[in-house]
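Encoded as structure tokens, the structure appears first; notes follow it.
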Amino acid sequence: MSWRPNSTQGVVLTAYHASSKGAAGSSAKDLGQVSPRSRKSGQYTMNRGNSNEKIAFNRSGSQDSLDDLSLEDYWIEVEDIKKNTDNSSQEEQAVVVKVPDEGEQEEEWLKEAGLSILFGESTADSQESMVFLSTLTRTQSAAVQKRIDTFTQTLRKKNKQHQIPDVRDVFRQPQELKKKDEDLNGFESTETKNGDLNDKSDCTAQNNDSKEELTVPEESPVPVTDINLEISFAEQASNLKEFSVVKNEKEDDSLLPNFRVPQDKTGITKVGDLAPQDMKKVLSLALIELTALFDVLGTDLKLQRAAKLKFRESGLFKVPLTTLLEQDQKRVPGTRVPLIFQSLIHHIENEGLDTEGILRIPGVSTRIKAQCQELEAKFYEGTFNWDTVKQHDAASLLKFFIRELPLPLLTVEYLKAFHSVQYLPTKKNQLQALNLLVILLPDVHRDTLKALLEFLQRVVDHREQNKMILRNVAMVMAPNLFTLHNSQPRTVDQVVLASAARTASVMLLMIKYQNLLWTIPKFIVGQVRQQNTANQKKLTKEKAMKKILKRMAYDREKYEKAERSLNDSDVPQGFIRVQAPQFSKVSMAIQLTEELKAGDILARFLSQDGGTSRNIKKEEVCLYEIGGNIGERCLEDGTYMKDLSQLNPSADWVIKPKSNV
């Protein structure tokens, strides 16, 4: 296999099949693969050679040889995608990405962050917006300030007279602002040893932001392998004096950091655990935090928009995910991932996880095209014969489905941001950014990405049989996820090579650390609790609300008396009452102990005759924290109830079916 320069089309990849083993060693160079020597220097070497020279490569079964050819796999995948795209006879409407004018970028960002009030819109929500702003950290406030300043300057240039409030006045009172500036000056002069994060300094800086902000107890620094979710990522990053340069070198999967989420006694919150009203706040905070993180790390973050285009409104392939899900939910209510996507994964997992080269070796293009047409005609009728689909063909169909989405899996809006993750200085920074980006994805895109990453991890788990180590899977899948529809690069240079390797590295992080990606950081949940508490205080001060409460007082008293009568007695101190409407024993007073967990409470109800007789399964129900300083939150089994009840003493505790099942 060799590279062939072409005056009109850039670099053309040509494959040759030969039996000589001796030529195998040179194939990596001809394909732009990094040699061991060049890896150490961080530079790529590429020898295109003579276009007539035929060089063979050896696809042996050893993992070492596959790893040496991993970048080759990336470009073979790119060439295969390009070939299949060029051979497509169906006319398609390419995605048009809108580039916002000067000032529009900041205006759209402020709207997306729920801060339209800052330029005169959504005045009805001004009170809630002010509460929202009061809970922002120092770096989050700076990110908002920066966008407001740019937006204001743009308006002045365009001679548009808008009344734009000074963000410093919005965030804090003058005395608080002065104190903040003093704290900021002292904070910026702080140095850390060996580039490690100093959690105590972060806690101090964050706690000085506002009296209402979440207080984090002082603890000893967490191990380097832990991801600290209690302190703002941007605040942590701002405490680094210098950033290390990302090196584009070979990584051994076994040597990657063992990042993990430390145990949290109040429970880890996953995407899908919160009520919609709280999740809306999470999305705004995640966008601001992501922007603040990029600002602190000196990396440009640009959001994009897709022009409004008409796409297919039915079918399986080349259909937007939202359209697919809508038509699938009519057939299977509650579906969260498109049925065709689930079916392709299920078929591969049934027989193909042990298939050597699965995902890497392409299927037969003519057969795949015919199967696409047959699936379109027979899938929903249930008459498609899956036995006729070979494993490599099924894997190619899966990749075809992903890359031919008219609106990409990582979305037009955030695709460039996912690309930009590769330029963040450390793996921890990259992982934190990916966590926030995944939270920001629309539900169907996030759920489909989750199903894909879980499948890819299962492929890696069978690497002894299929010879697909983590790095190879990442190299093969990266071109299918990180490239906008019908926009494959036509030329290959050192910049493209470096970007390819780094993009594949981001893909690798998403697969290896996927469990963290679905976790909502505790500091964001804490900010949501602060907002809910502040909003409740403001609401209770309103006269209209007081009148409503007076009218409700009598009925509420009657209700509480009836409930006390039903439960025989009030809940004594040190106990909580758990409601479980679907069980025969609908209520139970449970004593709080240091070791009592949410899973223990579920087990008590499930052990009752009423639970087992109704065939209620543990995985179908969840203990929910409802009210108080949270809207609604599904608790993981490891949540310590005494610690959580102290954090939210006004909450109700209810066992009910999971909303995300």
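In the structure tokens, chains take the letters A, B, ... in the order shown, each chain's residues start at 1, and ligands count up from 1 in the order shown.
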
| What's the 12 Å shell around Gln140 of chain A, counting only C-alpha atoms, without same-chain residues fewer than 4 positions away, as a ChimeraX atom specification? | /A:113,132-136,144-147,167,171,206,209,232-235,238,284-296,524,527

File dump, residues just selected, N, CA, C and O atoms, as a tab-separated table (two decimals), in the first residue's frame:
chain	number	residue	atom	x	y	z
A	113	ALA	N	-27.33	29.95	27.37
A	113	ALA	CA	-27.01	29.85	28.80
A	113	ALA	C	-28.15	30.33	29.69
A	113	ALA	O	-28.01	30.33	30.91
A	132	PHE	N	-29.92	32.95	39.53
A	132	PHE	CA	-28.98	32.10	38.78
A	132	PHE	C	-27.58	32.71	38.78
A	132	PHE	O	-26.58	32.04	39.05
A	133	LEU	N	-27.50	34.00	38.47
A	133	LEU	CA	-26.20	34.67	38.41
A	133	LEU	C	-25.50	34.68	39.76
A	133	LEU	O	-24.28	34.59	39.83
A	134	SER	N	-26.27	34.79	40.83
A	134	SER	CA	-25.67	34.88	42.17
A	134	SER	C	-24.99	33.59	42.59
A	134	SER	O	-24.19	33.60	43.53
A	135	THR	N	-25.28	32.49	41.90
A	135	THR	CA	-24.69	31.20	42.29
A	135	THR	C	-23.46	30.84	41.46
A	135	THR	O	-22.86	29.79	41.69
A	136	LEU	N	-23.09	31.68	40.49
A	136	LEU	CA	-21.96	31.36	39.63
A	136	LEU	C	-20.63	31.50	40.38
A	136	LEU	O	-20.48	32.34	41.26
A	144	VAL	N	-19.06	34.82	31.65
A	144	VAL	CA	-20.23	35.62	31.28
A	144	VAL	C	-19.82	37.06	31.01
A	144	VAL	O	-20.27	37.69	30.04
A	145	GLN	N	-18.98	37.60	31.88
A	145	GLN	CA	-18.49	38.98	31.71
A	145	GLN	C	-17.84	39.17	30.34
A	145	GLN	O	-18.09	40.17	29.65
A	146	LYS	N	-17.03	38.21	29.95
A	146	LYS	CA	-16.32	38.31	28.68
A	146	LYS	C	-17.30	38.36	27.51
A	146	LYS	O	-17.12	39.16	26.58
A	147	ARG	N	-18.32	37.52	27.53
A	147	ARG	CA	-19.31	37.51	26.43
A	147	ARG	C	-20.13	38.79	26.40
A	147	ARG	O	-20.44	39.33	25.34
A	167	VAL	N	-22.18	43.62	34.07
A	167	VAL	CA	-22.28	42.30	34.69
A	167	VAL	C	-21.76	42.32	36.12
A	167	VAL	O	-22.23	41.59	36.97
A	171	PHE	N	-23.76	40.61	39.20
A	171	PHE	CA	-23.27	39.50	40.00
A	171	PHE	C	-23.20	39.82	41.49
A	171	PHE	O	-23.56	39.02	42.32
A	206	GLN	N	-13.64	29.47	45.84
A	206	GLN	CA	-15.05	29.28	45.50
A	206	GLN	C	-15.95	29.77	46.62
A	206	GLN	O	-16.95	30.42	46.39
A	209	ASP	N	-16.85	33.43	46.76
A	209	ASP	CA	-17.67	34.02	45.69
A	209	ASP	C	-18.95	34.61	46.24
A	209	ASP	O	-19.38	35.68	45.86
A	232	SER	N	-15.56	23.37	40.90
A	232	SER	CA	-15.64	23.76	39.49
A	232	SER	C	-14.38	23.36	38.74
A	232	SER	O	-13.26	23.60	39.19
A	233	PHE	N	-14.55	22.75	37.57
A	233	PHE	CA	-13.40	22.35	36.75
A	233	PHE	C	-12.55	23.56	36.38
A	233	PHE	O	-11.32	23.50	36.36
A	234	ALA	N	-13.22	24.66	36.04
A	234	ALA	CA	-12.49	25.87	35.65
A	234	ALA	C	-11.72	26.44	36.83
A	234	ALA	O	-10.61	26.96	36.66
A	235	GLU	N	-12.30	26.36	38.02
A	235	GLU	CA	-11.60	26.83	39.21
A	235	GLU	C	-10.36	25.97	39.46
A	235	GLU	O	-9.30	26.48	39.84
A	238	SER	N	-7.71	26.94	36.87
A	238	SER	CA	-7.12	28.27	37.06
A	238	SER	C	-6.02	28.25	38.10
A	238	SER	O	-5.24	29.20	38.19
A	284	SER	N	-27.71	24.98	31.44
A	284	SER	CA	-27.18	26.34	31.42
A	284	SER	C	-25.86	26.42	32.16
A	284	SER	O	-24.89	27.03	31.68
A	285	LEU	N	-25.79	25.79	33.32
A	285	LEU	CA	-24.55	25.81	34.10
A	285	LEU	C	-23.42	25.06	33.40
A	285	LEU	O	-22.26	25.48	33.44
A	286	ALA	N	-23.76	23.95	32.74
A	286	ALA	CA	-22.74	23.17	32.04
A	286	ALA	C	-22.14	23.97	30.89
A	286	ALA	O	-20.92	23.91	30.65
A	287	LEU	N	-22.97	24.72	30.16
A	287	LEU	CA	-22.46	25.54	29.06
A	287	LEU	C	-21.54	26.65	29.58
A	287	LEU	O	-20.46	26.90	29.03
A	288	ILE	N	-21.95	27.30	30.66
A	288	ILE	CA	-21.12	28.36	31.23
A	288	ILE	C	-19.82	27.78	31.77
A	288	ILE	O	-18.73	28.34	31.57
A	289	GLU	N	-19.90	26.64	32.46
A	289	GLU	CA	-18.70	26.00	33.01
A	289	GLU	C	-17.76	25.55	31.90
A	289	GLU	O	-16.53	25.72	32.00
A	290	LEU	N	-18.30	24.98	30.82
A	290	LEU	CA	-17.46	24.56	29.69
A	290	LEU	C	-16.74	25.76	29.10
A	290	LEU	O	-15.53	25.70	28.80
A	291	THR	N	-17.46	26.86	28.91
A	291	THR	CA	-16.86	28.07	28.35
A	291	THR	C	-15.79	28.62	29.28
A	291	THR	O	-14.71	29.03	28.83
A	292	ALA	N	-16.08	28.61	30.58
A	292	ALA	CA	-15.10	29.09	31.55
A	292	ALA	C	-13.84	28.23	31.54
A	292	ALA	O	-12.72	28.74	31.62
A	293	LEU	N	-14.01	26.92	31.42
A	293	LEU	CA	-12.86	26.01	31.38
A	293	LEU	C	-11.99	26.29	30.16
A	293	LEU	O	-10.76	26.37	30.26
A	294	PHE	N	-12.62	26.46	28.99
A	294	PHE	CA	-11.86	26.77	27.78
A	294	PHE	C	-11.16	28.12	27.90
A	294	PHE	O	-10.03	28.29	27.44
A	295	ASP	N	-11.85	29.09	28.51
A	295	ASP	CA	-11.23	30.42	28.68
A	295	ASP	C	-9.99	30.33	29.55
A	295	ASP	O	-8.94	30.90	29.23
A	296	VAL	N	-10.10	29.63	30.67
A	296	VAL	CA	-8.98	29.50	31.60
A	296	VAL	C	-7.79	28.81	30.93
A	296	VAL	O	-6.64	29.18	31.15
A	524	ILE	N	-22.16	21.32	40.18
A	524	ILE	CA	-23.29	21.82	39.39
A	524	ILE	C	-24.61	21.48	40.09
A	524	ILE	O	-25.52	22.31	40.16
A	527	GLN	N	-25.07	23.92	42.80
A	527	GLN	CA	-25.55	25.21	42.32
A	527	GLN	C	-27.05	25.17	42.04
A	527	GLN	O	-27.75	26.15	42.29

Practice task
Might you pull out every residue within 10 Å of segment 438-455 of chain A, with only C-alpha atoms counted and same-chain residues fewer than 4 positions away left off, and present them as a ChimeraX atom specification?
Solution key: /A:270-272,279,282-287,290,320-322,324-325,335-338,341-342,345-346,348-349,353,398,402,407-411,413-414,418,433-434,459-461,481,507,510-515,517-520

re atom CA of Glu72 of chain A and atom CA of Leu397 of chain A: distance 21.3 Å

If you count only C-alpha atoms, the residue of A:Gln457, A:Gln582, A:Thr383, A:Ser396 closest to Ser365 of chain A turns out to be A:Ser396

Restricting the calculation to only C-alpha atoms: of A:Trp653, A:Asn435, A:Gly627, A:Leu256, which residue gets closest to Leu470 of chain A?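 Of A:Trp653, A:Asn435, A:Gly627, A:Leu256, the one nearest Leu470 of chain A is A:Leu256, counting only C-alpha atoms.
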
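Between atom CA of Thr533 of chain A and atom CA of Ile231 of chain A the separation is 19.7 Å.
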
Practice prompt. Considering only C-alpha atoms, return as a PyMOL selection string whatever protein or nucleic-acid residues lie within 6 Å of Ala474 of chain A, sequence-local ones (same chain, fewer than 2 positions apart) excluded.
Written response: chain A and resi 471-472+476-478+504+507-508

Please produce a file of the residues just selected, as an mmCIF file, in the first residue's frame, where the atoms kept are N, CA, C and O atoms.
data_model
loop_
_atom_site.group_PDB
_atom_site.id
_atom_site.type_symbol
_atom_site.label_atom_id
_atom_site.label_comp_id
_atom_site.auth_asym_id
_atom_site.auth_seq_id
_atom_site.Cartn_x
_atom_site.Cartn_y
_atom_site.Cartn_z
ATOM 1 N N ARG A 471 -7.050 1.249 21.227
ATOM 2 C CA ARG A 471 -6.541 2.272 20.304
ATOM 3 C C ARG A 471 -7.005 2.011 18.877
ATOM 4 O O ARG A 471 -7.317 2.950 18.134
ATOM 5 N N ASN A 472 -7.065 0.754 18.455
ATOM 6 C CA ASN A 472 -7.536 0.442 17.105
ATOM 7 C C ASN A 472 -9.004 0.793 16.923
ATOM 8 O O ASN A 472 -9.410 1.346 15.896
ATOM 9 N N VAL A 476 -10.477 3.608 14.238
ATOM 10 C CA VAL A 476 -11.448 3.258 13.196
ATOM 11 C C VAL A 476 -12.728 4.076 13.334
ATOM 12 O O VAL A 476 -13.314 4.500 12.340
ATOM 13 N N MET A 477 -13.157 4.333 14.574
ATOM 14 C CA MET A 477 -14.433 5.006 14.786
ATOM 15 C C MET A 477 -14.334 6.522 14.696
ATOM 16 O O MET A 477 -15.329 7.189 14.388
ATOM 17 N N ALA A 478 -13.159 7.095 14.974
ATOM 18 C CA ALA A 478 -13.025 8.555 14.993
ATOM 19 C C ALA A 478 -13.478 9.227 13.691
ATOM 20 O O ALA A 478 -14.209 10.223 13.739
ATOM 21 N N ALA A 504 -8.522 10.907 17.297
ATOM 22 C CA ALA A 504 -8.652 9.517 17.709
ATOM 23 C C ALA A 504 -8.365 9.359 19.197
ATOM 24 O O ALA A 504 -8.964 8.518 19.874
ATOM 25 N N MET A 507 -11.488 10.201 20.960
ATOM 26 C CA MET A 507 -12.384 9.053 20.846
ATOM 27 C C MET A 507 -12.000 7.978 21.854
ATOM 28 O O MET A 507 -12.859 7.347 22.479
ATOM 29 N N LEU A 508 -10.708 7.772 22.026
ATOM 30 C CA LEU A 508 -10.219 6.778 22.980
ATOM 31 C C LEU A 508 -10.649 7.132 24.405
ATOM 32 O O LEU A 508 -11.089 6.265 25.163
#

Per DSSP on the backbone, filter segment 249-482 of chain A down to the residues in strand (DSSP E) and report them as a JSON list (two decimals) with N, CA, C and O atoms, in the first residue's frame.
[["chain", "number", "residue", "atom", "x", "y", "z"],
["A", 269, "THR", "N", -24.89, 11.75, 40.89],
["A", 269, "THR", "CA", -26.04, 12.08, 40.05],
["A", 269, "THR", "C", -25.69, 11.84, 38.60],
["A", 269, "THR", "O", -24.72, 12.40, 38.07],
["A", 270, "LYS", "N", -26.46, 11.00, 37.94],
["A", 270, "LYS", "CA", -26.26, 10.71, 36.52],
["A", 270, "LYS", "C", -27.26, 11.49, 35.66],
["A", 270, "LYS", "O", -28.32, 11.92, 36.15],
["A", 305, "ARG", "N", -24.11, 26.58, 14.24],
["A", 305, "ARG", "CA", -25.53, 26.36, 14.00],
["A", 305, "ARG", "C", -25.71, 25.76, 12.62],
["A", 305, "ARG", "O", -24.99, 26.09, 11.69],
["A", 306, "ALA", "N", -26.67, 24.85, 12.50],
["A", 306, "ALA", "CA", -27.00, 24.28, 11.19],
["A", 306, "ALA", "C", -28.11, 25.09, 10.55],
["A", 306, "ALA", "O", -29.09, 25.45, 11.23]]

What is the distance between atom CA of Glu594 of chain A and atom CA of Arg260 of chain A, in Å to one decimal?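 Computed distance, atom CA of Glu594 of chain A to atom CA of Arg260 of chain A, equals 24.4 Å.
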
Using only C-alpha atoms, which protein or nucleic acid residues come within 12 Å of Gly526 of chain A? Drop anything in the same chain fewer than 2 positions from it, and give the result as a CSV table (one decimal) with C-alpha atoms, in the first residue's frame.
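Output saved as result07.csv:
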chain,number,residue,atom,x,y,z
A,135,THR,CA,-24.7,31.2,42.3
A,136,LEU,CA,-22.0,31.4,39.6
A,137,THR,CA,-18.3,30.8,40.6
A,212,GLU,CA,-25.0,31.4,49.3
A,213,GLU,CA,-22.5,29.2,47.4
A,214,LEU,CA,-22.1,25.6,48.2
A,215,THR,CA,-19.5,25.1,51.0
A,216,VAL,CA,-17.0,22.3,50.4
A,229,LEU,CA,-16.5,16.7,41.1
A,230,GLU,CA,-17.0,18.9,44.1
A,231,ILE,CA,-15.1,21.9,42.8
A,232,SER,CA,-15.6,23.8,39.5
A,266,THR,CA,-24.9,12.1,49.2
A,268,ILE,CA,-23.6,10.4,42.4
A,269,THR,CA,-26.0,12.1,40.1
A,278,ASP,CA,-33.6,21.0,37.3
A,281,LYS,CA,-30.6,24.6,35.1
A,282,VAL,CA,-27.9,22.0,34.7
A,285,LEU,CA,-24.6,25.8,34.1
A,520,ILE,CA,-23.4,15.4,36.5
A,521,PRO,CA,-20.6,17.1,38.6
A,522,LYS,CA,-21.6,17.6,42.3
A,523,PHE,CA,-20.7,21.3,42.1
A,524,ILE,CA,-23.3,21.8,39.4
A,528,VAL,CA,-29.0,23.9,41.3
A,529,ARG,CA,-29.8,23.3,45.0
A,530,GLN,CA,-28.7,26.9,45.8
A,531,GLN,CA,-30.9,28.3,43.0
A,532,ASN,CA,-33.9,26.3,44.2
A,533,THR,CA,-33.4,27.4,47.8
A,629,ASN,CA,-33.8,22.2,47.5
A,630,ILE,CA,-34.2,19.8,44.5
A,647,LEU,CA,-28.2,18.2,53.0
A,648,ASN,CA,-32.0,18.4,52.1

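Among the candidates A:Thr503, A:Thr154, A:Gln579, A:Thr483, the residue lying nearest to Ala651 of chain A is A:Gln579 (atoms considered: only C-alpha atoms).
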
Counting only C-alpha atoms, which residue out of A:Ala598, A:Ile148, A:Ala143, A:Val586 sits closest to Ser116 of chain A?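 Counting only C-alpha atoms, the residue closest to Ser116 of chain A is A:Ile148.
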
Could you write out, as a count of residues only, all the residues of segment 447-485 of chain A that DSSP marks as alpha helix (DSSP H)?
31
